[in-house]
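Note: the block below is query38.txt and it holds compact mmCIF, C-alpha atoms.
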```txt
# COMPACT_ATOMS: atom_id res chain seq x y z
CA MET A 1 35.69 -0.56 -0.80
CA MET A 2 33.29 1.42 -2.94
CA LEU A 3 30.93 -1.55 -3.02
CA ALA A 4 31.06 -1.87 0.77
CA GLN A 5 30.20 1.83 1.09
CA LEU A 6 27.33 1.44 -1.37
CA PHE A 7 26.02 -1.50 0.62
CA LEU A 8 26.25 0.33 3.96
CA SER A 9 24.65 3.50 2.57
CA PHE A 10 21.61 1.71 1.18
CA LEU A 11 21.43 -0.46 4.29
CA GLN A 12 20.85 2.77 6.21
CA VAL A 13 18.26 3.95 3.70
CA GLY A 14 16.42 0.64 4.13
CA ALA A 15 16.71 0.60 7.90
CA PHE A 16 15.62 4.17 8.64
CA SER A 17 12.93 4.96 6.09
CA VAL A 18 9.71 4.52 8.03
CA GLY A 19 6.33 5.26 6.51
CA GLY A 20 7.02 4.30 2.92
CA GLY A 21 7.06 6.22 -0.33
CA TYR A 22 8.62 9.59 0.09
CA ALA A 23 10.13 8.78 3.51
CA ALA A 24 13.16 7.26 1.77
CA MET A 25 13.84 10.45 -0.21
CA PRO A 26 15.58 12.55 2.48
CA LEU A 27 17.67 9.51 3.53
CA ILE A 28 18.82 8.84 -0.03
CA GLN A 29 19.68 12.52 -0.42
CA ALA A 30 21.70 12.48 2.81
CA GLN A 31 23.76 9.46 1.73
CA VAL A 32 24.09 9.89 -2.01
CA VAL A 33 24.36 13.67 -2.37
CA GLU A 34 25.57 15.05 0.94
CA ARG A 35 27.72 12.28 2.39
CA PHE A 36 29.44 10.71 -0.63
CA GLY A 37 28.70 13.07 -3.51
CA TRP A 38 27.82 10.18 -5.83
CA LEU A 39 25.22 12.41 -7.46
CA THR A 40 24.90 16.20 -7.65
CA MET A 41 21.66 17.74 -6.37
CA ALA A 42 20.56 18.26 -9.99
CA GLU A 43 21.20 14.59 -10.82
CA PHE A 44 19.38 13.55 -7.64
CA THR A 45 16.39 15.68 -8.69
CA ASN A 46 16.45 13.95 -12.09
CA LEU A 47 16.58 10.59 -10.34
CA ILE A 48 13.48 11.45 -8.26
CA THR A 49 11.76 12.60 -11.47
CA ILE A 50 12.60 9.29 -13.16
CA ALA A 51 11.54 7.31 -10.07
CA GLU A 52 8.18 9.07 -10.11
CA MET A 53 7.59 8.10 -13.72
CA THR A 54 8.61 4.45 -13.45
CA PRO A 55 7.11 1.61 -11.40
CA GLY A 56 8.49 0.52 -8.05
CA PRO A 57 9.52 2.02 -4.71
CA ILE A 58 11.76 5.13 -4.83
CA ALA A 59 14.42 3.41 -2.70
CA ILE A 60 14.75 0.43 -5.09
CA ASN A 61 14.84 2.76 -8.09
CA ALA A 62 17.55 4.86 -6.45
CA ALA A 63 19.59 1.82 -5.39
CA THR A 64 19.62 0.46 -8.94
CA PHE A 65 20.43 3.84 -10.52
CA VAL A 66 23.19 4.86 -8.10
CA GLY A 67 24.55 1.30 -7.85
CA LEU A 68 24.92 0.96 -11.63
CA ARG A 69 26.56 4.36 -11.78
CA ILE A 70 29.12 3.67 -9.05
CA GLY A 71 29.75 -0.06 -9.36
CA GLY A 72 28.13 -1.45 -12.51
CA VAL A 73 25.81 -4.44 -12.31
CA ALA A 74 27.46 -5.67 -9.10
CA GLY A 75 26.89 -2.22 -7.59
CA ALA A 76 23.21 -2.26 -8.53
CA LEU A 77 22.70 -5.72 -7.02
CA ILE A 78 24.61 -4.90 -3.83
CA ALA A 79 22.86 -1.56 -3.29
CA THR A 80 19.44 -3.13 -3.84
CA PHE A 81 20.25 -6.01 -1.50
CA GLY A 82 21.43 -3.52 1.14
CA CYS A 83 18.18 -1.65 0.73
CA ILE A 84 15.91 -4.69 1.33
CA LEU A 85 18.03 -6.52 3.93
CA PRO A 86 16.71 -4.49 6.92
CA SER A 87 13.15 -5.19 5.74
CA LEU A 88 13.83 -8.92 5.50
CA ILE A 89 15.07 -8.97 9.10
CA LEU A 90 12.87 -6.36 10.78
CA VAL A 91 9.57 -7.29 9.13
CA SER A 92 9.93 -10.92 10.25
CA LEU A 93 10.83 -9.73 13.73
CA LEU A 94 8.00 -7.19 13.94
CA SER A 95 5.41 -9.65 12.66
CA TRP A 96 6.50 -12.04 15.42
CA VAL A 97 6.29 -9.29 18.05
CA TYR A 98 2.89 -8.26 16.69
CA ALA A 99 1.49 -11.79 16.79
CA ARG A 100 2.98 -12.50 20.20
CA PHE A 101 2.13 -9.36 22.12
CA ARG A 102 -0.63 -7.79 20.04
CA SER A 103 1.13 -4.53 20.84
CA GLY A 104 -0.70 -2.63 18.14
CA GLN A 105 -1.40 0.20 20.58
CA ALA A 106 2.27 0.75 21.50
CA MET A 107 3.27 0.61 17.84
CA GLN A 108 0.63 3.21 17.01
CA THR A 109 2.02 5.50 19.72
CA VAL A 110 5.56 5.22 18.36
CA LEU A 111 4.32 5.83 14.82
CA SER A 112 2.24 8.82 15.90
CA LEU A 113 5.45 10.60 16.94
CA LEU A 114 7.52 9.33 14.00
CA ARG A 115 5.04 10.54 11.42
CA PRO A 116 5.37 14.31 12.03
CA VAL A 117 9.18 14.01 11.92
CA VAL A 118 9.03 12.09 8.64
CA VAL A 119 6.71 14.79 7.23
CA ALA A 120 9.22 17.46 8.30
CA LEU A 121 12.07 15.58 6.58
CA ILE A 122 10.06 15.14 3.37
CA THR A 123 9.30 18.87 3.40
CA SER A 124 12.98 19.66 3.85
CA ALA A 125 13.89 17.46 0.85
CA ALA A 126 11.01 18.98 -1.13
CA LEU A 127 12.45 22.48 -0.63
CA ASP A 128 15.91 21.34 -1.78
CA ILE A 129 14.37 19.83 -4.91
CA LEU A 130 12.29 22.97 -5.52
CA PHE A 131 15.41 25.14 -5.19
CA THR A 132 17.28 22.94 -7.69
CA ALA A 133 14.35 23.00 -10.11
CA VAL A 134 14.02 26.80 -10.20
CA SER A 135 17.72 27.65 -10.33
CA ALA A 136 19.14 28.16 -13.82
CA ILE A 137 21.23 25.36 -15.35
CA ARG A 138 24.13 27.73 -15.86
CA PRO A 139 24.18 30.48 -13.26
CA LEU A 140 25.89 33.71 -14.33
CA SER A 141 28.42 33.36 -11.58
CA PRO A 142 28.98 30.19 -9.62
CA ASP A 143 28.11 31.59 -6.22
CA SER A 144 25.06 33.64 -7.13
CA PHE A 145 21.65 32.05 -7.47
CA SER A 146 19.92 32.92 -10.69
CA LEU A 147 16.24 32.18 -11.05
CA ASP A 148 14.94 30.13 -13.97
CA TRP A 149 11.74 32.15 -14.56
CA MET A 150 10.20 29.62 -16.89
CA ASN A 151 10.57 26.80 -14.38
CA ALA A 152 9.30 28.96 -11.52
CA ALA A 153 6.16 29.65 -13.59
CA LEU A 154 5.81 25.96 -14.49
CA PHE A 155 6.13 25.04 -10.80
CA GLY A 156 3.37 27.48 -9.84
CA GLY A 157 1.06 26.23 -12.57
CA ALA A 158 1.76 22.58 -11.76
CA LEU A 159 1.10 23.06 -8.05
CA LEU A 160 -2.19 24.80 -8.83
CA LEU A 161 -3.25 21.93 -11.16
CA LEU A 162 -2.38 19.33 -8.51
CA ARG A 163 -4.02 21.07 -5.56
CA ARG A 164 -7.07 22.60 -7.18
CA TRP A 165 -7.96 19.96 -9.76
CA LYS A 166 -6.17 16.86 -8.45
CA ALA A 167 -4.45 16.45 -11.81
CA ASN A 168 -2.56 13.24 -12.62
CA PRO A 169 1.04 13.72 -11.35
CA ILE A 170 2.66 11.86 -14.26
CA ALA A 171 0.71 13.95 -16.78
CA VAL A 172 1.73 17.13 -14.92
CA MET A 173 5.44 16.17 -14.97
CA ALA A 174 5.35 15.19 -18.65
CA GLY A 175 3.50 18.43 -19.43
CA CYS A 176 6.14 20.50 -17.65
CA GLY A 177 8.89 18.74 -19.61
CA GLY A 178 7.08 19.40 -22.90
CA MET A 179 6.44 23.08 -22.09
CA TYR A 180 10.06 23.68 -21.15
CA LEU A 181 11.22 21.99 -24.36
CA LEU A 182 8.85 24.19 -26.39
CA PHE A 183 10.04 27.29 -24.51
CA THR A 184 13.68 26.39 -25.21
CA ALA A 185 12.94 25.86 -28.90
CA LEU A 186 11.05 29.18 -29.19
CA THR A 187 13.73 31.19 -27.42
CA GLY A 188 16.37 30.06 -29.86
CA GLY A 189 17.54 26.67 -28.64
CA MET A 190 20.42 26.19 -26.29
CA ALA A 191 22.61 28.94 -27.68
CA MET B 1 -2.53 -26.26 -6.14
CA ASN B 2 0.85 -27.99 -5.82
CA ARG B 3 3.78 -26.23 -4.26
CA ARG B 4 5.75 -25.38 -7.39
CA ARG B 5 2.66 -24.03 -9.06
CA LYS B 6 1.84 -21.98 -5.98
CA LEU B 7 5.32 -20.41 -5.89
CA TRP B 8 5.10 -19.64 -9.59
CA THR B 9 1.67 -17.99 -9.17
CA LEU B 10 3.01 -15.95 -6.25
CA PHE B 11 6.07 -14.83 -8.23
CA SER B 12 4.21 -13.98 -11.43
CA SER B 13 1.45 -12.14 -9.54
CA MET B 14 3.97 -9.93 -7.73
CA LEU B 15 5.93 -9.39 -10.94
CA TYR B 16 2.78 -8.26 -12.74
CA ILE B 17 1.51 -6.06 -9.90
CA SER B 18 4.91 -4.43 -9.39
CA ALA B 19 5.50 -3.78 -13.10
CA PHE B 20 2.26 -1.86 -13.51
CA THR B 21 2.09 0.06 -10.25
CA PHE B 22 2.96 3.71 -10.42
CA GLY B 23 2.84 5.86 -7.34
CA GLY B 24 3.54 4.55 -3.93
CA GLY B 25 3.12 1.65 -1.56
CA PHE B 26 -0.59 2.05 -0.90
CA VAL B 27 -1.51 1.48 -4.52
CA ILE B 28 0.44 -1.77 -4.61
CA VAL B 29 -1.05 -2.96 -1.32
CA SER B 30 -4.60 -2.48 -2.59
CA LEU B 31 -3.73 -4.41 -5.77
CA MET B 32 -2.26 -7.20 -3.62
CA GLN B 33 -5.50 -7.29 -1.64
CA LYS B 34 -7.50 -7.69 -4.85
CA LYS B 35 -5.25 -10.50 -6.08
CA PHE B 36 -4.55 -12.53 -2.94
CA VAL B 37 -7.79 -11.96 -0.99
CA ASP B 38 -10.54 -11.52 -3.58
CA GLN B 39 -9.18 -13.54 -6.49
CA LEU B 40 -7.00 -16.34 -5.12
CA HIS B 41 -8.52 -16.55 -1.60
CA TRP B 42 -5.08 -17.19 -0.12
CA LEU B 43 -5.59 -14.66 2.69
CA GLU B 44 -8.46 -13.40 4.83
CA GLU B 45 -9.36 -9.74 4.53
CA GLU B 46 -8.42 -9.22 8.21
CA GLU B 47 -4.97 -10.73 7.65
CA MET B 48 -4.29 -8.45 4.71
CA LEU B 49 -5.27 -5.40 6.81
CA ASP B 50 -2.92 -6.48 9.63
CA MET B 51 -0.15 -7.04 7.08
CA THR B 52 -0.71 -3.60 5.60
CA ALA B 53 -0.41 -2.01 9.04
CA LEU B 54 2.80 -3.97 9.71
CA ALA B 55 4.26 -3.16 6.28
CA GLN B 56 3.65 0.50 6.95
CA ALA B 57 5.04 0.42 10.50
CA SER B 58 8.25 -1.38 9.51
CA PRO B 59 11.23 0.42 7.99
CA GLY B 60 11.75 0.06 4.25
CA ALA B 61 9.58 0.22 1.15
CA ILE B 62 5.94 -0.68 1.85
CA ALA B 63 5.69 -2.81 -1.30
CA VAL B 64 8.74 -4.90 -0.31
CA ASN B 65 7.53 -5.26 3.30
CA ALA B 66 4.05 -6.35 2.18
CA SER B 67 5.47 -8.93 -0.23
CA ILE B 68 7.67 -10.33 2.56
CA LEU B 69 4.62 -10.80 4.81
CA VAL B 70 2.32 -12.19 2.13
CA GLY B 71 5.00 -14.48 0.63
CA ARG B 72 5.94 -15.93 3.98
CA LYS B 73 2.32 -16.51 5.00
CA VAL B 74 1.41 -18.17 1.72
CA ALA B 75 4.46 -20.38 1.13
CA GLY B 76 7.03 -20.00 3.93
CA TRP B 77 10.61 -18.85 3.39
CA SER B 78 10.74 -19.76 -0.30
CA GLY B 79 7.44 -17.92 -0.76
CA MET B 80 9.02 -14.86 0.83
CA ALA B 81 12.02 -15.10 -1.51
CA VAL B 82 9.99 -15.39 -4.73
CA ALA B 83 7.54 -12.65 -3.69
CA VAL B 84 10.36 -10.19 -2.94
CA LEU B 85 12.13 -11.10 -6.19
CA GLY B 86 8.92 -10.52 -8.14
CA THR B 87 8.50 -7.14 -6.47
CA ILE B 88 12.01 -5.75 -7.03
CA LEU B 89 12.75 -7.19 -10.49
CA PRO B 90 10.56 -4.82 -12.56
CA PRO B 91 11.92 -1.58 -11.02
CA MET B 92 15.50 -2.92 -11.27
CA LEU B 93 15.14 -3.79 -14.97
CA VAL B 94 13.36 -0.54 -15.85
CA LEU B 95 15.86 1.61 -13.96
CA SER B 96 18.79 -0.22 -15.56
CA ALA B 97 17.39 0.58 -18.99
CA VAL B 98 16.72 4.20 -17.98
CA SER B 99 20.18 4.51 -16.48
CA LEU B 100 21.85 3.39 -19.73
CA ALA B 101 19.71 5.84 -21.68
CA TYR B 102 20.44 8.57 -19.12
CA GLN B 103 24.20 8.26 -19.58
CA ALA B 104 23.75 8.50 -23.34
CA PHE B 105 21.15 11.26 -23.44
CA ALA B 106 21.77 13.54 -20.45
CA THR B 107 24.35 15.52 -22.40
CA ASN B 108 21.88 16.14 -25.22
CA PRO B 109 20.62 19.74 -24.78
CA TRP B 110 17.03 18.88 -25.76
CA VAL B 111 16.82 15.99 -23.32
CA ALA B 112 18.37 18.21 -20.66
CA ALA B 113 15.71 20.86 -21.36
CA ALA B 114 12.87 18.34 -21.04
CA LEU B 115 14.36 16.99 -17.79
CA LYS B 116 14.76 20.54 -16.46
CA GLY B 117 11.09 21.25 -17.08
CA MET B 118 10.08 17.94 -15.52
CA GLN B 119 12.01 18.97 -12.40
CA ALA B 120 9.48 21.78 -11.93
CA GLY B 121 6.69 19.19 -12.19
CA VAL B 122 8.27 16.79 -9.71
CA ALA B 123 8.95 19.67 -7.30
CA ALA B 124 5.24 20.55 -7.48
CA VAL B 125 4.24 16.90 -6.88
CA ILE B 126 6.48 16.61 -3.83
CA VAL B 127 5.53 20.01 -2.40
CA ASP B 128 1.88 18.98 -2.85
CA VAL B 129 2.52 15.71 -0.98
CA SER B 130 4.31 17.38 1.92
CA TRP B 131 1.61 20.08 2.08
CA ARG B 132 -1.08 17.40 2.35
CA LEU B 133 0.85 15.34 4.93
CA GLY B 134 1.69 18.46 6.93
CA SER B 135 -1.88 19.74 7.07
CA ARG B 136 -3.01 16.30 8.24
CA VAL B 137 -0.60 16.60 11.20
CA VAL B 138 -1.86 20.13 11.93
CA LYS B 139 -5.53 18.99 11.79
CA GLU B 140 -4.96 16.40 14.49
CA ARG B 141 -4.26 19.26 16.90
CA ASP B 142 -1.76 17.29 18.94
CA PRO B 143 0.66 19.93 20.27
CA LEU B 144 3.46 17.36 20.75
CA ALA B 145 3.20 16.18 17.13
CA MET B 146 3.05 19.74 15.77
CA GLY B 147 5.99 20.85 17.91
CA LEU B 148 8.03 17.84 16.78
CA MET B 149 7.28 18.60 13.16
CA VAL B 150 8.46 22.21 13.45
CA VAL B 151 11.57 21.33 15.46
CA ALA B 152 12.51 18.46 13.12
CA PHE B 153 12.07 20.71 10.09
CA LEU B 154 14.31 23.43 11.54
CA LEU B 155 16.95 20.91 12.64
CA SER B 156 16.98 19.26 9.23
CA TYR B 157 16.61 22.23 6.88
CA ALA B 158 18.40 25.00 8.75
CA ALA B 159 20.86 23.13 10.99
CA HIS B 160 21.50 20.15 8.64
CA VAL B 161 21.26 17.63 11.47
CA ASN B 162 21.65 14.04 10.20
CA VAL B 163 18.30 12.57 9.13
CA ILE B 164 18.99 9.30 10.95
CA TYR B 165 19.43 11.01 14.33
CA LEU B 166 16.11 12.79 13.90
CA ILE B 167 14.29 9.53 13.10
CA LEU B 168 16.00 7.69 15.97
CA GLY B 169 15.16 10.57 18.34
CA ALA B 170 11.48 10.47 17.37
CA ALA B 171 11.39 6.67 17.71
CA LEU B 172 12.94 6.82 21.20
CA LEU B 173 10.48 9.53 22.23
CA GLY B 174 7.65 7.36 20.92
CA ILE B 175 8.88 4.31 22.82
CA ALA B 176 9.18 6.38 26.01
CA LYS B 177 5.63 7.67 25.53
CA ALA B 178 4.30 4.14 24.86
CA LEU B 179 6.01 2.80 28.01
CA TRP B 180 4.69 5.70 30.09
CA MET B 181 1.15 5.19 28.79
CA GLY B 182 1.41 1.44 29.46
CA LYS B 183 2.53 2.05 33.00
CA ARG B 184 -0.29 4.53 33.60
CA ARG B 185 -2.84 2.03 32.33
CA ALA B 186 -1.41 -0.66 34.62
CA ALA B 187 -1.50 1.58 37.69
```
Represent the structure contained in this file as structure tokens.
Amino acid sequence: MMLAQLFLSFLQVGAFSVGGGYAAMPLIQAQVVERFGWLTMAEFTNLITIAEMTPGPIAINAATFVGLRIGGVAGALIATFGCILPSLILVSLLSWVYARFRSGQAMQTVLSLLRPVVVALITSAALDILFTAVSAIRPLSPDSFSLDWMNAALFGGALLLLRRWKANPIAVMAGCGGMYLLFTALTGGMA
Amino acid sequence: MNRRRKLWTLFSSMLYISAFTFGGGFVIVSLMQKKFVDQLHWLEEEEMLDMTALAQASPGAIAVNASILVGRKVAGWSGMAVAVLGTILPPMLVLSAVSLAYQAFATNPWVAAALKGMQAGVAAVIVDVSWRLGSRVVKERDPLAMGLMVVAFLLSYAAHVNVIYLILGAALLGIAKALWMGKRRAA
């Protein structure tokens, strides 16, 4: 039952993520965090962090990670297969349509309206991830948001480095991890 | 090149490209172009460009879509199978290893602290990406596209409307617009 749900969830991720890369992110969040609660938002944010630092598409990374977590090796295989099955079918179909009708123009029109919506969805997921990143690990009371000042500062610095100087994203993420570790050590560990 | 050798070359090329590609579908597509067009001469430059456009237009990961198209063109159905396998194997193996380590280490306070800091970095990377993508939409000055972006953002972020409905809605709108434009051209 769990395996069937895993398969169907990642089938939807594969079928509805158009535009590659980050387009899969909001879909994975919707299935894995909001719908089934397989991961918390903090774990999901860690997963995206890991996916950014390892090779391969985010969707395949997420399918393997969540699949292993929920259903072991079988779960990982089933989730990954669910994720690529729509591609296997639709890409063959679309390449046939493309060759047959040369409908590049119509496809461009459809994509030109899909793109702004995908951008909006990525932005929405980005804000959720930002919120998770700058909220403290242990809030003082469960229903009040408490700001992690160190991470808010790191976020600001990282964004500046990326936008102004086009810094390497992996170096920026690793740097943030190192700085936070140093900060934790200097402020007296995890006590 | 005999068939078995061709399949092996296809598989090992995709395995190698996929294992060493960080950061998104476009990077992997340009590496595929270098390998299959410039080095092996299995594809024409034009073909690779068409395949890139198709891979991007189809749902799913761009890298997987591109390997489906290239594999099928080069060696039929079995070519498609080995190319896809070569593409997904490296991320599956790496993530399995990471996942085992994650279970063991996530409770360690120092690892948790490093991950917490890295969250700030990944948030910056993704905000930067959506900023860049968003300003590209704004620069095109198409009021329909801009309006859709704002409405979709509000529906998703504030009203928590299901992501899939928003994508389906935009696709239907796009199809309607394409049909309308086609009809106008015919008239």
Pick out the closest residue to Asp128 of chain A from this set: B:Thr9, B:Asn162, B:Ser135, B:Ser156. Count all atoms listed in the file. B:Ser156
Between atom CA of Gly121 of chain B and atom CA of Met25 of chain A, distance in Å (one decimal): 16.5 Å
Give as a JSON list (two decimals) with C-alpha atoms, keeping the file's coordinate frame the set of residues within 12 Å of the point (34.1, 0.6, -3.6), where distances use the file's coordinates and only C-alpha atoms.
```
[["chain", "number", "residue", "atom", "x", "y", "z"],
["A", 1, "MET", "CA", 35.69, -0.56, -0.80],
["A", 2, "MET", "CA", 33.29, 1.42, -2.94],
["A", 3, "LEU", "CA", 30.93, -1.55, -3.02],
["A", 4, "ALA", "CA", 31.06, -1.87, 0.77],
["A", 5, "GLN", "CA", 30.20, 1.83, 1.09],
["A", 6, "LEU", "CA", 27.33, 1.44, -1.37],
["A", 7, "PHE", "CA", 26.02, -1.50, 0.62],
["A", 8, "LEU", "CA", 26.25, 0.33, 3.96],
["A", 9, "SER", "CA", 24.65, 3.50, 2.57],
["A", 36, "PHE", "CA", 29.44, 10.71, -0.63],
["A", 38, "TRP", "CA", 27.82, 10.18, -5.83],
["A", 67, "GLY", "CA", 24.55, 1.30, -7.85],
["A", 69, "ARG", "CA", 26.56, 4.36, -11.78],
["A", 70, "ILE", "CA", 29.12, 3.67, -9.05],
["A", 71, "GLY", "CA", 29.75, -0.06, -9.36],
["A", 72, "GLY", "CA", 28.13, -1.45, -12.51],
["A", 74, "ALA", "CA", 27.46, -5.67, -9.10],
["A", 75, "GLY", "CA", 26.89, -2.22, -7.59],
["A", 78, "ILE", "CA", 24.61, -4.90, -3.83],
["A", 79, "ALA", "CA", 22.86, -1.56, -3.29]]
```
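The closest residue to Leu133 of chain B, picked from A:Ala23, A:Leu85, A:Ile50, A:Ala62 and counting only C-alpha atoms, is A:Ala23.
Distances to chain B were evaluated for A:Val73, A:Met41, A:Val97, A:Leu113 using only C-alpha atoms, and the minimum falls at A:Leu113.
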Suppose you want the space between atom CA of Leu43 of chain B and atom CA of Leu10 of chain B; what is it in Å? 12.5 Å
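Here atom CA of Ala57 of chain B is placed at a distance of 8.3 Å from atom CA of Gln108 of chain A.
Minimum atom-to-atom distances from B:Ala159, B:Ile17, B:Leu85, B:Ile126 to chain A were compared using all atoms listed in the file, and the lowest value belongs to B:Ile126.
Once Ile58 of chain A and its same-chain neighbours fewer than 5 positions away are set aside, Gly21, Tyr22, Ala24, Met25, Ile48, Ala51, Glu52 and Ala63 of chain A; Gly24 and Ala61 of chain B remain within 9 Å of it when counting all atoms listed in the file.
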With distances taken over only C-alpha atoms, which of A:Ala125, A:Asn168, A:Thr80, A:Gly177 is nearest to chain B? A:Gly177
When you look at Leu130 of chain A with a cut-off of 6 Å (counting all atoms listed in the file), what residues show up, excluding the ones that are within fewer than 3 positions of it in the same chain? I need them as a PDB file with C-alpha atoms, in the frame of the given file.
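Dumped everything to out.pdb:
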```pdb
ATOM      1  CA  LEU A 127      12.450  22.480  -0.630  1.00  0.00           C
ATOM      2  CA  ALA A 133      14.350  23.000 -10.110  1.00  0.00           C
TER       3      ALA A 133
ATOM      4  CA  ALA B 123       8.950  19.670  -7.300  1.00  0.00           C
TER       5      ALA B 123
END
```
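In terms of minimum interatomic distance to chain B, A:Leu114 ranks closest within A:Val66, A:Leu114, A:Val32, A:Leu39, counting all atoms listed in the file.
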Would you list the contacts of Val163 of chain B as a PyMOL selection string, taking every protein, DNA or RNA residue within 12 Å and counting all atoms listed in the file, but skipping same-chain residues closer than 3 positions in sequence? (chain A and resi 12-13+16-18+23-31+34-35+117-122+124-125) or (chain B and resi 152-157+159-160+166-170)
In the coordinate frame of the file, compute which residues have an atom within 10 Å of (-0.9, 1.0, 6.4) when using all atoms listed in the file, and state them as a PyMOL selection string. (chain A and resi 19-20) or (chain B and resi 25-26+29+49-58+62+66)
Residues as selected, C-alpha atoms, written as a CSV table (one decimal), in the coordinates of the input, can you do that?
```
chain,number,residue,atom,x,y,z
A,19,GLY,CA,6.3,5.3,6.5
A,20,GLY,CA,7.0,4.3,2.9
B,25,GLY,CA,3.1,1.6,-1.6
B,26,PHE,CA,-0.6,2.0,-0.9
B,29,VAL,CA,-1.0,-3.0,-1.3
B,49,LEU,CA,-5.3,-5.4,6.8
B,50,ASP,CA,-2.9,-6.5,9.6
B,51,MET,CA,-0.2,-7.0,7.1
B,52,THR,CA,-0.7,-3.6,5.6
B,53,ALA,CA,-0.4,-2.0,9.0
B,54,LEU,CA,2.8,-4.0,9.7
B,55,ALA,CA,4.3,-3.2,6.3
B,56,GLN,CA,3.6,0.5,7.0
B,57,ALA,CA,5.0,0.4,10.5
B,58,SER,CA,8.2,-1.4,9.5
B,62,ILE,CA,5.9,-0.7,1.8
B,66,ALA,CA,4.0,-6.4,2.2
```
Selection: 9 Å around Tyr180 of chain A, all atoms listed in the file, excl. self and same-chain fewer than 4 positions, as JSON, numbers by chain: {"A": [150, 151, 154, 175, 176, 184, 185], "B": [113, 114, 115, 116, 117, 118]}
